[in-house]
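Notes to accompany the following structure.
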Amino acid sequence: MIDKVVSSLAAAVEGIRDGSTIMVGGFGTAGMPFALIGALLEQGARELTVVSNNAGNGDTGLAALLAQRRVRKIICSFPRQPDSQVFDALYRAKQIELELVPQGNLAARIQAGGAGIGAFYTPTGYGTPLAEGKETREIDGRQYVLEYPIRADVALIKAQTADRWGNLVYRKTARNFGPIMATAARCTIAEVSAVVPLGGLDPEAVVTPGIFVRRVVCPREGELRAAVVR
Amino acid sequence: MTFRRSSREQMAARVASDIREGMYVNLGIGLPTLVGNFLPRDREIFLHSENGILGMGPAPAAGEEDPTLINAGKQPVTLLPGGCFFHHGDSFAMMRGGHLDVCVLGAFQVSHRGDLANWHTGALDAIPAVGGAMDLAIGARQVCVMMEHTTKTGESKIVERCSYPLTGVACVKRIYTDLAVLDVLPEGLKVVEMVEGLSFDELARLTAAPLLSAGLR
């Protein structure tokens, strides 16, 4: 019997190595897998490259991982926010590397990674500092920039409901990067709020098919609170 | 003759008056977000939010906020009946694939050729952040800028050449300011309208790029 649901947060993040590239879902705190990030803090992997839209909010979640100096490099579109003080301080002290990517290019690079595309031409960023040094090409009278895919060792994402085969549905705008990151990592780990029996998800409404998901974890209420207030 | 600059609300109402029934529209963070408050209720307009919403509604009543239902500025919003959610790949396909009719963006500077600078001042100690600005700038069918005509220190934000780092090249089609509405045409900047009491010569004096004089008056 295939059961991707693991019994603990520690089991969910087991085996993540130092130096890994880790995608972290979420747009701000919506869709941020707080419990999995808490478990990664405990687990101890360091020298990480993180791919995420933002660079942490407040002192929890991704910001806590940054504060513990576990992240060597971050690839994101919008690090600067009113409550990104942890990232801001590390960046100003040159203690973290930043690769700034326009949000649509970030999404497309992740999708390319997941879909096995070698590279692609995008109009976004042409003529701007973010395309400096990159190959460009005119196609049908329009200018494009060559961009390469992003793949990861691990994706940590938040979904609403899973079954034991790893099929996922999401909640409102907490969906954001989850479905595309799930496709682009060798090991996608989904934190969910509920697990239902096989057949409990409407097959017409499944957003992430289980083929893209390796492990599922459904944290208990106390574990969630601990992760958020950490 | 004296003139009075439009308020932020008057600018928002002016932008809103150009948004027609059935349009798919993205309103940028900051000043453009105000436009949503002035869309006529008798028009069905689809508001898009880059984090995965079509049919975005207004802010919820106090106590009704849902942390999983936010806009691109990360403020709580609502979903209109018929609205839907989707992931970032689909959302940016809408933006870059030319599916949005209009986007309204704030700006630091716009050049008379329609170059846009709105993501970075270029200051050495500034922490850069770009978000979806570059995707909107090149992706929406009609890219509009909404901004004050001049900076707090009185310099024109419409320029011959942007001194700030660019967001997009020759992408802006229309500029709404607190002094005027201008169209960016291949031949130059055409004044569509000005606030009451403002003369063309005075507007030209407050604008650091040439204005086409034809078609006015």
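Just so we're on the same page: first chain in the structure tokens is A, next is B, and so on; residues restart at 1 for each chain, and ligands are numbered from 1 in the order they show up.
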Chain A contacts to chain B at 10 Å (only C-alpha atoms) as a compact mmCIF listing (two decimals) with C-alpha atoms, in the first residue's frame:
```txt
# COMPACT_ATOMS: atom_id res chain seq x y z
CA GLY A 26 4.27 31.10 -0.21
CA PHE A 27 3.53 34.67 -1.17
CA GLY A 28 4.19 36.64 1.98
CA THR A 29 2.83 34.36 4.67
CA ALA A 30 -0.03 32.94 2.53
CA GLY A 31 1.03 29.42 1.62
CA MET A 32 4.17 29.53 3.76
CA ASN A 53 9.08 34.74 -3.78
CA ASN A 54 9.96 36.74 -0.67
CA CYS A 76 13.55 35.62 -5.08
CA SER A 77 11.57 38.45 -6.67
CA PHE A 78 10.63 40.67 -3.76
CA PRO A 79 12.92 40.55 -0.72
CA ARG A 80 12.25 44.07 0.53
CA GLN A 81 9.11 44.33 2.64
CA PHE A 87 16.98 39.59 5.38
CA ASP A 88 17.73 43.33 5.17
CA TYR A 91 22.05 41.61 2.93
CA ARG A 92 23.54 44.89 4.11
CA LEU A 98 20.75 37.54 -3.53
CA LEU A 100 16.83 38.94 -7.86
CA VAL A 101 14.45 37.54 -10.51
CA PRO A 102 11.30 39.17 -11.91
CA GLN A 103 8.37 37.25 -10.49
CA GLY A 104 7.12 35.94 -13.84
CA ASN A 105 10.60 34.79 -14.80
CA LEU A 106 10.89 33.09 -11.42
CA ALA A 107 7.61 31.24 -12.07
CA ALA A 108 8.58 30.38 -15.66
CA ARG A 109 12.05 29.17 -14.65
CA ILE A 110 10.50 26.91 -12.01
CA GLN A 111 7.95 25.63 -14.56
CA THR A 122 11.23 35.68 -22.16
CA PRO A 123 10.36 39.32 -22.89
CA THR A 124 10.43 40.22 -19.20
CA GLY A 125 13.45 42.23 -18.11
CA TYR A 126 14.74 43.05 -21.59
CA GLY A 127 16.70 46.31 -21.53
CA THR A 128 16.84 46.38 -17.72
CA PRO A 129 19.69 45.76 -15.26
CA LEU A 130 18.23 42.32 -14.48
CA TYR A 170 -5.01 24.27 -2.01
CA ARG A 171 -6.82 27.12 -0.27
CA LYS A 172 -7.43 30.48 -1.97
CA THR A 173 -4.29 32.54 -2.64
CA ALA A 174 -2.19 30.18 -0.50
CA ARG A 175 -1.90 28.18 -3.75
CA ASN A 176 0.55 30.65 -5.40
CA PHE A 177 3.92 28.90 -6.05
CA GLY A 178 2.98 25.51 -4.53
CA PRO A 179 1.80 23.69 -7.67
CA ILE A 180 4.74 24.79 -9.84
CA MET A 181 7.38 24.19 -7.17
CA VAL A 207 -4.53 20.78 -8.52
```
Item to check | Non-local contacts of stretch 180-185 of chain B (12 Å; only C-alpha atoms; under 3 positions in same chain excluded) as number ranges by chain | outcome: B: 3-6, 10-11, 14-15, 18, 110-116, 142-150, 158, 170-177, 188-200, 202-204, 206-207, 209-213, 215-216
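Atom to atom, atom CA of B:Leu80 and atom CA of B:Gly55 stand 5.5 Å apart.
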Next on the checklist: Just list as number ranges by chain whatever in chain A DSSP marks as strand (DSSP E or B).
Outcome noted: A: 5, 21-24, 27, 30, 48-51, 54, 71-76, 78, 97-100, 120-122, 136-139, 142-147, 152-158, 161-162, 168-169, 185-191, 194-195, 208, 215-217
Item to check | alpha helix (DSSP H) positions in stretch 73-222 of chain A, given as a PyMOL selection string | outcome: chain A and resi 85-92+103-115+178-184+221-222
Based on the selection just made, write C-alpha atoms of those residues as a PDB file, in the first residue's frame.
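File produced: again.pdb:
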```pdb
ATOM      1  CA  GLN A  85      14.328  43.106   8.755  1.00  0.00           C
ATOM      2  CA  VAL A  86      16.151  39.766   9.084  1.00  0.00           C
ATOM      3  CA  PHE A  87      16.984  39.592   5.382  1.00  0.00           C
ATOM      4  CA  ASP A  88      17.732  43.335   5.171  1.00  0.00           C
ATOM      5  CA  ALA A  89      20.361  43.126   7.915  1.00  0.00           C
ATOM      6  CA  LEU A  90      22.050  40.043   6.404  1.00  0.00           C
ATOM      7  CA  TYR A  91      22.047  41.608   2.929  1.00  0.00           C
ATOM      8  CA  ARG A  92      23.535  44.892   4.111  1.00  0.00           C
ATOM      9  CA  GLN A 103       8.366  37.252 -10.491  1.00  0.00           C
ATOM     10  CA  GLY A 104       7.117  35.941 -13.835  1.00  0.00           C
ATOM     11  CA  ASN A 105      10.603  34.792 -14.800  1.00  0.00           C
ATOM     12  CA  LEU A 106      10.887  33.085 -11.419  1.00  0.00           C
ATOM     13  CA  ALA A 107       7.613  31.236 -12.068  1.00  0.00           C
ATOM     14  CA  ALA A 108       8.581  30.380 -15.656  1.00  0.00           C
ATOM     15  CA  ARG A 109      12.047  29.167 -14.654  1.00  0.00           C
ATOM     16  CA  ILE A 110      10.497  26.912 -12.014  1.00  0.00           C
ATOM     17  CA  GLN A 111       7.948  25.635 -14.556  1.00  0.00           C
ATOM     18  CA  ALA A 112      10.730  25.005 -17.072  1.00  0.00           C
ATOM     19  CA  GLY A 113      12.635  23.091 -14.413  1.00  0.00           C
ATOM     20  CA  GLY A 114       9.605  20.947 -13.697  1.00  0.00           C
ATOM     21  CA  ALA A 115       8.786  20.367 -17.349  1.00  0.00           C
ATOM     22  CA  GLY A 178       2.981  25.514  -4.526  1.00  0.00           C
ATOM     23  CA  PRO A 179       1.804  23.693  -7.670  1.00  0.00           C
ATOM     24  CA  ILE A 180       4.738  24.789  -9.844  1.00  0.00           C
ATOM     25  CA  MET A 181       7.384  24.195  -7.173  1.00  0.00           C
ATOM     26  CA  ALA A 182       5.969  20.707  -6.634  1.00  0.00           C
ATOM     27  CA  THR A 183       6.939  19.866 -10.226  1.00  0.00           C
ATOM     28  CA  ALA A 184      10.504  21.207 -10.041  1.00  0.00           C
ATOM     29  CA  GLU A 221      -2.382  21.926  16.166  1.00  0.00           C
ATOM     30  CA  GLY A 222       0.301  22.272  18.852  1.00  0.00           C
TER      31      GLY A 222
END
```
Next on the checklist: Show me, as a VMD selection string, the residues that have an atom within 6 Å of B:Phe38 when counting only C-alpha atoms, minus same-chain residues fewer than 3 positions from it.
Outcome noted: chain B and resid 13 16 35
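Between atom CA of A:Ala205 and atom CA of A:Arg164 there is a distance of 16.3 Å.
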